[in-house]
file work_1.cif (mmCIF, C-alpha atoms)
data_entry
loop_
_atom_site.label_atom_id
_atom_site.label_comp_id
_atom_site.auth_asym_id
_atom_site.auth_seq_id
_atom_site.Cartn_x
_atom_site.Cartn_y
_atom_site.Cartn_z
CA MET N 4 -11.93 5.46 10.73
CA ASP N 5 -12.28 8.86 12.38
CA ARG N 6 -9.31 8.03 14.61
CA HIS N 7 -7.27 7.02 11.55
CA ARG N 8 -8.18 10.25 9.80
CA GLU N 9 -7.30 12.37 12.82
CA PHE N 10 -3.92 10.66 13.19
CA TRP N 11 -2.94 11.04 9.53
CA ASN N 12 -4.18 14.61 9.30
CA ARG N 13 -2.00 15.42 12.30
CA GLU N 14 0.98 13.55 10.81
CA TYR N 15 0.77 15.46 7.53
CA GLN N 16 0.67 18.67 9.48
CA THR N 17 3.39 17.91 12.07
CA SER N 18 5.32 14.72 11.07
CA GLU N 19 5.28 13.87 14.76
CA HIS N 20 5.80 10.11 14.39
CA LEU N 21 6.86 9.52 10.78
CA ALA N 22 9.34 11.15 8.43
CA LEU N 23 7.06 11.81 5.46
CA SER N 24 8.74 12.23 2.08
CA SER N 25 7.83 13.70 -1.29
CA ALA N 26 10.25 11.36 -3.11
CA PRO N 27 8.87 8.18 -4.72
CA ALA N 28 9.21 5.01 -2.66
CA GLU N 29 12.31 2.97 -3.46
CA ASP N 30 10.25 -0.24 -3.37
CA LEU N 31 7.95 1.13 -6.06
CA GLN N 32 10.92 2.11 -8.22
CA LYS N 33 12.22 -1.47 -7.93
CA PHE N 34 8.81 -2.75 -9.00
CA VAL N 35 8.81 -0.41 -12.00
CA ARG N 36 12.26 -1.68 -13.04
CA PHE N 37 10.89 -5.22 -12.79
CA LEU N 38 7.97 -4.27 -15.06
CA GLU N 39 10.36 -2.63 -17.51
CA ARG N 40 12.47 -5.80 -17.74
CA ARG N 41 9.41 -8.00 -18.07
CA THR N 42 7.09 -5.97 -20.30
CA LYS N 43 9.44 -3.36 -21.86
CA HIS N 44 7.15 -0.35 -22.39
CA GLU N 45 3.89 -2.28 -22.59
CA LEU N 46 2.75 -0.75 -19.29
CA LEU N 47 5.17 2.15 -18.82
CA ASN N 48 3.26 4.58 -21.02
CA PRO N 49 0.32 7.05 -20.98
CA ARG N 50 -2.25 4.33 -21.73
CA THR N 51 -1.74 2.77 -18.30
CA LYS N 52 -4.20 3.52 -15.49
CA VAL N 53 -2.94 3.27 -11.91
CA LEU N 54 -4.99 3.13 -8.72
CA ASP N 55 -3.17 3.98 -5.47
CA LEU N 56 -4.99 2.82 -2.32
CA GLY N 57 -3.62 5.10 0.38
CA CYS N 58 -1.85 7.60 -1.85
CA GLY N 59 -0.83 10.05 0.89
CA ASN N 60 0.73 13.17 -0.61
CA GLY N 61 0.63 11.61 -4.09
CA ARG N 62 4.38 11.07 -4.38
CA ASN N 63 4.15 7.65 -6.07
CA LEU N 64 1.45 8.63 -8.56
CA ILE N 65 3.37 11.81 -9.35
CA TYR N 66 6.48 9.73 -10.08
CA LEU N 67 4.56 7.42 -12.44
CA ALA N 68 2.85 10.33 -14.20
CA GLU N 69 6.01 12.41 -14.61
CA SER N 70 8.21 9.49 -15.66
CA PHE N 71 5.83 7.58 -17.94
CA GLY N 72 2.72 9.71 -18.45
CA MET N 73 0.55 7.20 -16.57
CA ARG N 74 -2.95 8.27 -15.55
CA GLY N 75 -3.59 7.93 -11.84
CA THR N 76 -6.34 7.82 -9.25
CA GLY N 77 -5.44 8.19 -5.61
CA TYR N 78 -7.51 7.56 -2.47
CA ASP N 79 -6.56 8.50 1.04
CA ILE N 80 -8.45 8.84 4.30
CA SER N 81 -6.61 12.07 5.14
CA ASN N 82 -8.04 15.23 3.61
CA VAL N 83 -4.81 17.05 4.51
CA ALA N 84 -2.80 14.52 2.48
CA ILE N 85 -5.15 14.85 -0.48
CA GLN N 86 -4.84 18.64 -0.40
CA GLU N 87 -1.05 18.29 -0.51
CA ALA N 88 -1.30 15.77 -3.35
CA GLU N 89 -3.54 18.02 -5.42
CA ARG N 90 -1.18 20.97 -5.00
CA ALA N 91 1.82 18.86 -6.03
CA SER N 92 0.06 17.29 -9.04
CA LYS N 93 -0.88 20.40 -10.96
CA ASP N 94 -1.22 19.69 -14.72
CA LEU N 95 -0.62 15.95 -14.22
CA PRO N 96 -3.23 13.32 -15.26
CA ILE N 97 -4.07 12.36 -11.65
CA GLN N 98 -7.35 12.51 -9.74
CA TYR N 99 -7.64 12.30 -5.97
CA GLU N 100 -10.45 11.60 -3.53
CA VAL N 101 -10.75 11.54 0.25
CA ARG N 102 -12.00 8.01 0.65
CA SER N 103 -11.77 4.92 2.86
CA ILE N 104 -10.70 1.68 1.16
CA VAL N 105 -13.28 -0.13 3.29
CA GLU N 106 -15.87 1.19 0.85
CA PRO N 107 -16.37 -0.49 -2.57
CA LEU N 108 -14.06 0.92 -5.23
CA PRO N 109 -15.95 3.10 -7.76
CA GLN N 110 -13.93 1.94 -10.79
CA PRO N 111 -15.61 -0.17 -13.52
CA ASP N 112 -14.74 -3.85 -13.88
CA GLU N 113 -11.31 -4.55 -15.41
CA SER N 114 -10.54 -0.85 -15.93
CA ILE N 115 -7.20 -0.57 -14.10
CA ASN N 116 -3.75 -1.75 -15.21
CA ILE N 117 -1.85 -1.38 -11.91
CA VAL N 118 -3.08 -1.23 -8.30
CA LEU N 119 -0.85 -0.09 -5.44
CA ASP N 120 -1.46 -1.00 -1.79
CA MET N 121 1.61 0.24 0.02
CA MET N 122 1.35 0.15 3.81
CA THR N 123 -2.40 0.79 3.76
CA SER N 124 -4.63 -2.28 4.16
CA HIS N 125 -2.94 -3.51 7.34
CA PHE N 126 -5.47 -1.32 9.18
CA LEU N 127 -8.29 -3.58 7.97
CA LYS N 128 -9.64 -6.65 9.73
CA LYS N 129 -9.72 -9.99 7.93
CA ALA N 130 -13.24 -9.67 6.51
CA GLU N 131 -12.43 -6.16 5.27
CA ARG N 132 -9.17 -7.33 3.68
CA GLU N 133 -11.08 -10.08 1.89
CA LYS N 134 -13.62 -7.59 0.53
CA LEU N 135 -10.82 -5.27 -0.62
CA ARG N 136 -9.11 -8.20 -2.35
CA GLU N 137 -12.36 -8.93 -4.20
CA GLU N 138 -12.59 -5.31 -5.30
CA ILE N 139 -8.97 -5.23 -6.48
CA VAL N 140 -9.51 -8.40 -8.50
CA ARG N 141 -12.69 -6.91 -9.97
CA VAL N 142 -11.21 -3.60 -11.12
CA LEU N 143 -7.89 -5.00 -12.39
CA ARG N 144 -7.68 -6.05 -16.01
CA THR N 145 -6.74 -9.66 -16.69
CA THR N 146 -2.92 -9.93 -16.40
CA GLY N 147 -2.93 -6.54 -14.63
CA TRP N 148 -0.44 -5.96 -11.81
CA PHE N 149 -0.87 -5.47 -8.07
CA PHE N 150 2.03 -4.14 -5.99
CA PHE N 151 1.48 -5.01 -2.33
CA LYS N 152 3.60 -3.88 0.62
CA SER N 153 2.90 -4.31 4.31
CA PHE N 154 4.45 -5.10 7.69
CA LEU N 155 6.20 -8.45 8.07
CA ALA N 156 5.37 -10.63 11.07
CA GLU N 157 8.40 -12.91 10.88
CA GLU N 158 11.66 -12.27 12.77
CA ASP N 159 10.70 -8.79 13.92
CA LEU N 160 11.25 -7.95 17.59
CA ASN N 161 8.85 -5.00 17.45
CA VAL N 162 6.07 -7.25 16.15
CA LYS N 163 6.71 -9.88 18.82
CA ARG N 164 6.37 -7.23 21.51
CA LEU N 165 3.24 -5.69 20.02
CA LEU N 166 1.54 -9.06 19.60
CA ARG N 167 2.47 -10.04 23.14
CA GLU N 168 1.57 -6.80 24.89
CA HIS N 169 -1.31 -5.50 22.74
CA PRO N 170 -3.01 -8.52 21.08
CA ALA N 171 -6.15 -8.07 18.98
CA ASP N 172 -8.86 -10.68 18.42
CA GLU N 173 -7.38 -11.99 15.14
CA GLU N 174 -4.17 -13.90 14.44
CA ASN N 175 -1.03 -11.80 13.80
CA SER N 176 -2.90 -8.62 14.76
CA TYR N 177 -2.62 -6.12 17.61
CA ILE N 178 -4.03 -2.83 18.83
CA HIS N 179 -1.48 -0.11 18.16
CA PRO N 180 -0.53 1.40 21.54
CA GLU N 181 -0.26 4.97 20.20
CA LEU N 182 -3.05 5.01 17.62
CA GLY N 183 -5.41 2.75 19.53
CA VAL N 184 -6.39 1.05 16.25
CA TYR N 185 -6.14 -2.44 14.79
CA GLU N 186 -3.09 -3.43 12.70
CA HIS N 187 -2.30 -6.69 10.94
CA VAL N 188 1.14 -8.11 10.11
CA TRP N 189 1.80 -10.70 7.40
CA THR N 190 3.81 -13.88 7.06
CA GLU N 191 5.06 -14.97 3.66
CA ASP N 192 2.92 -18.11 3.84
CA GLU N 193 -0.18 -16.02 4.53
CA ILE N 194 0.48 -13.86 1.46
CA HIS N 195 0.61 -16.97 -0.71
CA GLU N 196 -2.57 -18.38 0.86
CA PHE N 197 -4.47 -15.09 0.69
CA PHE N 198 -3.50 -13.93 -2.80
CA GLY N 199 -2.45 -17.17 -4.52
CA PRO N 200 -5.91 -18.22 -5.80
CA TYR N 201 -6.32 -14.89 -7.63
CA PHE N 202 -2.80 -13.84 -8.62
CA ASP N 203 0.42 -15.21 -10.02
CA ILE N 204 2.95 -14.25 -7.33
CA HIS N 205 6.10 -13.37 -9.26
CA LYS N 206 8.30 -12.06 -6.45
CA VAL N 207 8.28 -11.60 -2.70
CA HIS N 208 10.81 -9.28 -1.03
CA LYS N 209 11.48 -8.99 2.71
CA SER N 210 13.34 -6.04 4.18
CA HIS N 211 16.40 -6.78 6.29
CA LYS N 212 16.34 -7.25 10.04
CA HIS N 213 16.82 -3.91 11.77
CA LEU N 214 18.65 -4.24 15.06
CA LYS N 215 20.55 -1.68 17.13
CA ARG N 216 22.75 -3.29 19.78
CA GLY N 217 20.43 -6.26 19.90
CA ARG N 218 17.29 -4.16 20.23
CA ALA N 219 14.47 -3.73 17.77
CA GLY N 220 15.04 -1.00 15.22
CA LYS N 221 13.05 -0.19 12.12
CA ARG N 222 10.02 -2.37 11.37
CA ARG N 223 10.42 -5.10 8.75
CA THR N 224 8.26 -5.06 5.63
CA ILE N 225 7.26 -7.51 2.92
CA SER N 226 6.49 -6.66 -0.72
CA ALA N 227 4.89 -8.83 -3.40
CA TYR N 228 4.59 -8.48 -7.18
CA LEU N 229 1.23 -9.97 -8.11
CA GLN N 230 -0.30 -10.47 -11.56
CA LYS N 231 -4.00 -11.14 -11.93
CA LEU N 232 -4.81 -14.59 -13.28
#
call {"tool": "encode", "arguments": {"input": "work_1.cif", "output": "C-alpha cells"}}
result
Amino acid sequence: MDRHREFWNREYQTSEHLALSSAPAEDLQKFVRFLERRTKHELLNPRTKVLDLGCGNGRNLIYLAESFGMRGTGYDISNVAIQEAERASKDLPIQYEVRSIVEPLPQPDESINIVLDMMTSHFLKKAEREKLREEIVRVLRTTGWFFFKSFLAEEDLNVKRLLREHPADEENSYIHPELGVYEHVWTEDEIHEFFGPYFDIHKVHKSHKHLKRGRAGKRRTISAYLQKL
C-alpha cells in the first residue's frame, strides 16, 4: 500500500502518467441519468448518502453534492488527493478520509444509498475483493445502488500483453511494470459470477476498442449498474 500511496501522491503533484481532471466522470453522469429515469428524484436529493471508494480529488462527490445536494463520504489512499478534495469541497456536505479500502468500512449497516467503486478495487487480490464486496453489501441499504467500473480483460491488446509479459499468481491479473503492484482485469462473465448473488445487475457497459494503426491504444473499461438484493 505504501507503493500505491507514493505513486498516487506523485501523480496528483505531477500528472506524470495520467491526465487527472476536476470534471465529473462521464460514466458517472450516465449512471445518474439512468437513476433519474428509473427512480425520478427518489435518490437524486439531499437525503441520499454516497460513499466513494477511491475518491481522488473529490470530483464525483462534488458533482453529486452540487447538482443534487447529496451527502458524501470519500476515501482515498493518497493524502495529496484528499487535501485537494477538501479544498475543492468547501461548504459542501462531504467528508474525506485518507484510508485504504482493504480495511473494514466504518459505516453502520445499511446506512448508504449509493456506493461508487470507479477504477479502485482492481488493485486488490481476490480475497481482498471478496472482503470489500461483503463490506459494500453490509453498508448499502436494501435496494441501494452500487456503481462499479474497472478494467476490461476482453479484446484488449494492452491487457493481453500485460498478462503475457507480467503475469501475477491469480487469473486475469498481472504485476504492473511501472508501479510494480498487482492489478486485476475483469471479464463480463466474472462480474456476473462475482456480484450476481448479491446484486441485481441492471446494465453492463463496455468501452469501445481503442486501436491506433492496429496497435493498442487506450485501455478498455467495463461498468456495471448494480442494485442490492
call {"tool": "resolve_selection", "arguments": {"input": "work_1.cif", "expression": "the PyMOL selection byres ((chain N and resi 139) around 12)", "output": "PyMOL selection string"}}
result
chain N and resi 53-56+104-120+124+132-138+140-145+147-151+198+201-202+229-231
call {"tool": "residues_around", "arguments": {"input": "work_1.cif", "residues": "N:Ser25", "least_positions_apart": "5", "cutoff": "9 Å", "atoms": "all atoms listed in the file", "output": "JSON, numbers by chain"}}
result
{"N": [60, 61, 62, 63]}
call {"tool": "atom_distance", "arguments": {"input": "work_1.cif", "atom1": "atom CA of N:Thr190", "atom2": "atom CA of N:Thr224"}}
result
10.0 Å
call {"tool": "axis_aligned_box", "arguments": {"input": "work_1.cif", "around": "stretch 43-50 of chain N", "padding_each_side": "4 Å", "output": "AutoDock Vina command-line options"}}
result
--center_x 3.6 --center_y 1.8 --center_z -20.7 --size_x 19.7 --size_y 18.4 --size_z 11.8
call {"tool": "atom_distance", "arguments": {"input": "work_1.cif", "atom1": "atom CA of N:Val188", "atom2": "atom CA of N:Lys152"}}
result
10.7 Å
call {"tool": "closest_residue", "arguments": {"input": "work_1.cif", "among": "N:Arg167, N:His211, N:Arg74, N:His205", "to": "N:Leu38", "atoms": "all atoms listed in the file"}}
result
N:His205
call {"tool": "closest_residue", "arguments": {"input": "work_1.cif", "among": "N:Ala68, N:Lys209, N:Val35, N:Phe126", "to": "N:Ile80", "atoms": "all atoms listed in the file"}}
result
N:Phe126
call {"tool": "closest_residue", "arguments": {"input": "work_1.cif", "among": "N:Glu87, N:Glu45, N:Glu100, N:Glu186", "to": "N:Pro170", "atoms": "only C-alpha atoms"}}
result
N:Glu186
call {"tool": "resolve_selection", "arguments": {"input": "work_1.cif", "expression": "the PyMOL selection byres ((chain N and resi 155) around 12)", "output": "VMD selection string"}}
result
chain N and resid 122 125 151 to 154 156 to 163 175 to 176 186 to 194 207 to 212 221 to 227
call {"tool": "write_last_selection", "arguments": {"input": "work_1.cif", "atoms": "C-alpha atoms", "output": "PDB file, in the coordinates of the input"}}
result
ATOM      1  CA  MET N 122       1.350   0.150   3.810  1.00  0.00           C
ATOM      2  CA  HIS N 125      -2.940  -3.510   7.340  1.00  0.00           C
ATOM      3  CA  PHE N 151       1.480  -5.010  -2.330  1.00  0.00           C
ATOM      4  CA  LYS N 152       3.600  -3.880   0.620  1.00  0.00           C
ATOM      5  CA  SER N 153       2.900  -4.310   4.310  1.00  0.00           C
ATOM      6  CA  PHE N 154       4.450  -5.100   7.690  1.00  0.00           C
ATOM      7  CA  ALA N 156       5.370 -10.630  11.070  1.00  0.00           C
ATOM      8  CA  GLU N 157       8.400 -12.910  10.880  1.00  0.00           C
ATOM      9  CA  GLU N 158      11.660 -12.270  12.770  1.00  0.00           C
ATOM     10  CA  ASP N 159      10.700  -8.790  13.920  1.00  0.00           C
ATOM     11  CA  LEU N 160      11.250  -7.950  17.590  1.00  0.00           C
ATOM     12  CA  ASN N 161       8.850  -5.000  17.450  1.00  0.00           C
ATOM     13  CA  VAL N 162       6.070  -7.250  16.150  1.00  0.00           C
ATOM     14  CA  LYS N 163       6.710  -9.880  18.820  1.00  0.00           C
ATOM     15  CA  ASN N 175      -1.030 -11.800  13.800  1.00  0.00           C
ATOM     16  CA  SER N 176      -2.900  -8.620  14.760  1.00  0.00           C
ATOM     17  CA  GLU N 186      -3.090  -3.430  12.700  1.00  0.00           C
ATOM     18  CA  HIS N 187      -2.300  -6.690  10.940  1.00  0.00           C
ATOM     19  CA  VAL N 188       1.140  -8.110  10.110  1.00  0.00           C
ATOM     20  CA  TRP N 189       1.800 -10.700   7.400  1.00  0.00           C
ATOM     21  CA  THR N 190       3.810 -13.880   7.060  1.00  0.00           C
ATOM     22  CA  GLU N 191       5.060 -14.970   3.660  1.00  0.00           C
ATOM     23  CA  ASP N 192       2.920 -18.110   3.840  1.00  0.00           C
ATOM     24  CA  GLU N 193      -0.180 -16.020   4.530  1.00  0.00           C
ATOM     25  CA  ILE N 194       0.480 -13.860   1.460  1.00  0.00           C
ATOM     26  CA  VAL N 207       8.280 -11.600  -2.700  1.00  0.00           C
ATOM     27  CA  HIS N 208      10.810  -9.280  -1.030  1.00  0.00           C
ATOM     28  CA  LYS N 209      11.480  -8.990   2.710  1.00  0.00           C
ATOM     29  CA  SER N 210      13.340  -6.040   4.180  1.00  0.00           C
ATOM     30  CA  HIS N 211      16.400  -6.780   6.290  1.00  0.00           C
ATOM     31  CA  LYS N 212      16.340  -7.250  10.040  1.00  0.00           C
ATOM     32  CA  LYS N 221      13.050  -0.190  12.120  1.00  0.00           C
ATOM     33  CA  ARG N 222      10.020  -2.370  11.370  1.00  0.00           C
ATOM     34  CA  ARG N 223      10.420  -5.100   8.750  1.00  0.00           C
ATOM     35  CA  THR N 224       8.260  -5.060   5.630  1.00  0.00           C
ATOM     36  CA  ILE N 225       7.260  -7.510   2.920  1.00  0.00           C
ATOM     37  CA  SER N 226       6.490  -6.660  -0.720  1.00  0.00           C
ATOM     38  CA  ALA N 227       4.890  -8.830  -3.400  1.00  0.00           C
TER      39      ALA N 227
END
call {"tool": "atom_distance", "arguments": {"input": "work_1.cif", "atom1": "atom CA of N:Arg90", "atom2": "atom CA of N:Leu31"}}
result
21.9 Å
call {"tool": "resolve_selection", "arguments": {"input": "work_1.cif", "expression": "the PyMOL selection byres ((chain N and resi 65) around 12)", "output": "PyMOL selection string"}}
result
chain N and resi 25-28+53+55+58-64+66-77+87-99
call {"tool": "write_last_selection", "arguments": {"input": "work_1.cif", "atoms": "C-alpha atoms", "output": "compact mmCIF listing (two decimals), keeping the file's coordinate frame"}}
result
# COMPACT_ATOMS: atom_id res chain seq x y z
CA SER N 25 7.83 13.70 -1.29
CA ALA N 26 10.25 11.36 -3.11
CA PRO N 27 8.87 8.18 -4.72
CA ALA N 28 9.21 5.01 -2.66
CA VAL N 53 -2.94 3.27 -11.91
CA ASP N 55 -3.17 3.98 -5.47
CA CYS N 58 -1.85 7.60 -1.85
CA GLY N 59 -0.83 10.05 0.89
CA ASN N 60 0.73 13.17 -0.61
CA GLY N 61 0.63 11.61 -4.09
CA ARG N 62 4.38 11.07 -4.38
CA ASN N 63 4.15 7.65 -6.07
CA LEU N 64 1.45 8.63 -8.56
CA TYR N 66 6.48 9.73 -10.08
CA LEU N 67 4.56 7.42 -12.44
CA ALA N 68 2.85 10.33 -14.20
CA GLU N 69 6.01 12.41 -14.61
CA SER N 70 8.21 9.49 -15.66
CA PHE N 71 5.83 7.58 -17.94
CA GLY N 72 2.72 9.71 -18.45
CA MET N 73 0.55 7.20 -16.57
CA ARG N 74 -2.95 8.27 -15.55
CA GLY N 75 -3.59 7.93 -11.84
CA THR N 76 -6.34 7.82 -9.25
CA GLY N 77 -5.44 8.19 -5.61
CA GLU N 87 -1.05 18.29 -0.51
CA ALA N 88 -1.30 15.77 -3.35
CA GLU N 89 -3.54 18.02 -5.42
CA ARG N 90 -1.18 20.97 -5.00
CA ALA N 91 1.82 18.86 -6.03
CA SER N 92 0.06 17.29 -9.04
CA LYS N 93 -0.88 20.40 -10.96
CA ASP N 94 -1.22 19.69 -14.72
CA LEU N 95 -0.62 15.95 -14.22
CA PRO N 96 -3.23 13.32 -15.26
CA ILE N 97 -4.07 12.36 -11.65
CA GLN N 98 -7.35 12.51 -9.74
CA TYR N 99 -7.64 12.30 -5.97
call {"tool": "residues_around", "arguments": {"input": "work_1.cif", "residues": "N:Val101", "least_positions_apart": "4", "cutoff": "6 Å", "atoms": "only C-alpha atoms", "output": "number ranges by chain"}}
result
N: 78-80, 82
call {"tool": "build_atoms", "arguments": {"input": "work_1.cif", "residues": "stretch 91-119 of chain N", "atoms": "N, CA and C atoms", "output": "compact mmCIF listing (two decimals), in the coordinates of the input"}}
result
# COMPACT_ATOMS: atom_id res chain seq x y z
N ALA N 91 0.59 19.33 -5.42
CA ALA N 91 1.82 18.86 -6.03
C ALA N 91 1.60 18.25 -7.42
N SER N 92 0.36 18.00 -7.78
CA SER N 92 0.06 17.29 -9.04
C SER N 92 -0.52 18.18 -10.11
N LYS N 93 -0.32 19.47 -9.99
CA LYS N 93 -0.88 20.40 -10.96
C LYS N 93 -0.45 20.03 -12.38
N ASP N 94 -1.42 19.98 -13.29
CA ASP N 94 -1.22 19.69 -14.72
C ASP N 94 -0.83 18.24 -15.00
N LEU N 95 -0.88 17.36 -13.99
CA LEU N 95 -0.62 15.95 -14.22
C LEU N 95 -1.95 15.19 -14.33
N PRO N 96 -1.97 14.07 -15.06
CA PRO N 96 -3.23 13.32 -15.26
C PRO N 96 -3.57 12.43 -14.05
N ILE N 97 -3.80 13.08 -12.90
CA ILE N 97 -4.07 12.36 -11.65
C ILE N 97 -5.31 12.96 -11.00
N GLN N 98 -6.18 12.10 -10.51
CA GLN N 98 -7.35 12.51 -9.74
C GLN N 98 -7.24 11.95 -8.33
N TYR N 99 -7.71 12.72 -7.36
CA TYR N 99 -7.64 12.30 -5.97
C TYR N 99 -9.03 12.37 -5.32
N GLU N 100 -9.20 11.58 -4.28
CA GLU N 100 -10.45 11.60 -3.53
C GLU N 100 -10.18 11.21 -2.09
N VAL N 101 -10.79 11.94 -1.16
CA VAL N 101 -10.75 11.54 0.25
C VAL N 101 -11.72 10.39 0.41
N ARG N 102 -11.17 9.20 0.70
CA ARG N 102 -12.00 8.01 0.65
C ARG N 102 -11.38 6.89 1.48
N SER N 103 -12.22 6.11 2.15
CA SER N 103 -11.77 4.92 2.86
C SER N 103 -11.78 3.73 1.91
N ILE N 104 -10.75 2.87 2.02
CA ILE N 104 -10.70 1.68 1.16
C ILE N 104 -11.59 0.57 1.71
N VAL N 105 -12.27 0.81 2.82
CA VAL N 105 -13.28 -0.13 3.29
C VAL N 105 -14.49 -0.11 2.36
N GLU N 106 -14.74 1.03 1.75
CA GLU N 106 -15.87 1.19 0.85
C GLU N 106 -15.56 0.52 -0.50
N PRO N 107 -16.59 0.08 -1.23
CA PRO N 107 -16.37 -0.49 -2.57
C PRO N 107 -15.67 0.52 -3.48
N LEU N 108 -14.78 0.04 -4.32
CA LEU N 108 -14.06 0.92 -5.23
C LEU N 108 -14.99 1.34 -6.37
N PRO N 109 -15.00 2.62 -6.75
CA PRO N 109 -15.95 3.10 -7.76
C PRO N 109 -15.51 2.86 -9.20
N GLN N 110 -14.39 2.18 -9.42
CA GLN N 110 -13.93 1.94 -10.79
C GLN N 110 -14.75 0.84 -11.46
N PRO N 111 -14.93 0.92 -12.78
CA PRO N 111 -15.61 -0.17 -13.52
C PRO N 111 -14.79 -1.45 -13.48
N ASP N 112 -15.43 -2.56 -13.81
CA ASP N 112 -14.74 -3.85 -13.88
C ASP N 112 -13.60 -3.80 -14.89
N GLU N 113 -12.47 -4.38 -14.53
CA GLU N 113 -11.31 -4.55 -15.41
C GLU N 113 -10.93 -3.24 -16.12
N SER N 114 -10.86 -2.16 -15.35
CA SER N 114 -10.54 -0.85 -15.93
C SER N 114 -9.16 -0.33 -15.54
N ILE N 115 -8.46 -1.04 -14.64
CA ILE N 115 -7.20 -0.57 -14.10
C ILE N 115 -6.08 -1.51 -14.49
N ASN N 116 -4.91 -0.94 -14.83
CA ASN N 116 -3.75 -1.75 -15.21
C ASN N 116 -2.86 -2.11 -14.01
N ILE N 117 -2.73 -1.17 -13.07
CA ILE N 117 -1.85 -1.38 -11.91
C ILE N 117 -2.56 -0.85 -10.66
N VAL N 118 -2.56 -1.66 -9.60
CA VAL N 118 -3.08 -1.23 -8.30
C VAL N 118 -1.93 -1.23 -7.30
N LEU N 119 -1.85 -0.20 -6.49
CA LEU N 119 -0.85 -0.09 -5.44
C LEU N 119 -1.53 -0.13 -4.07
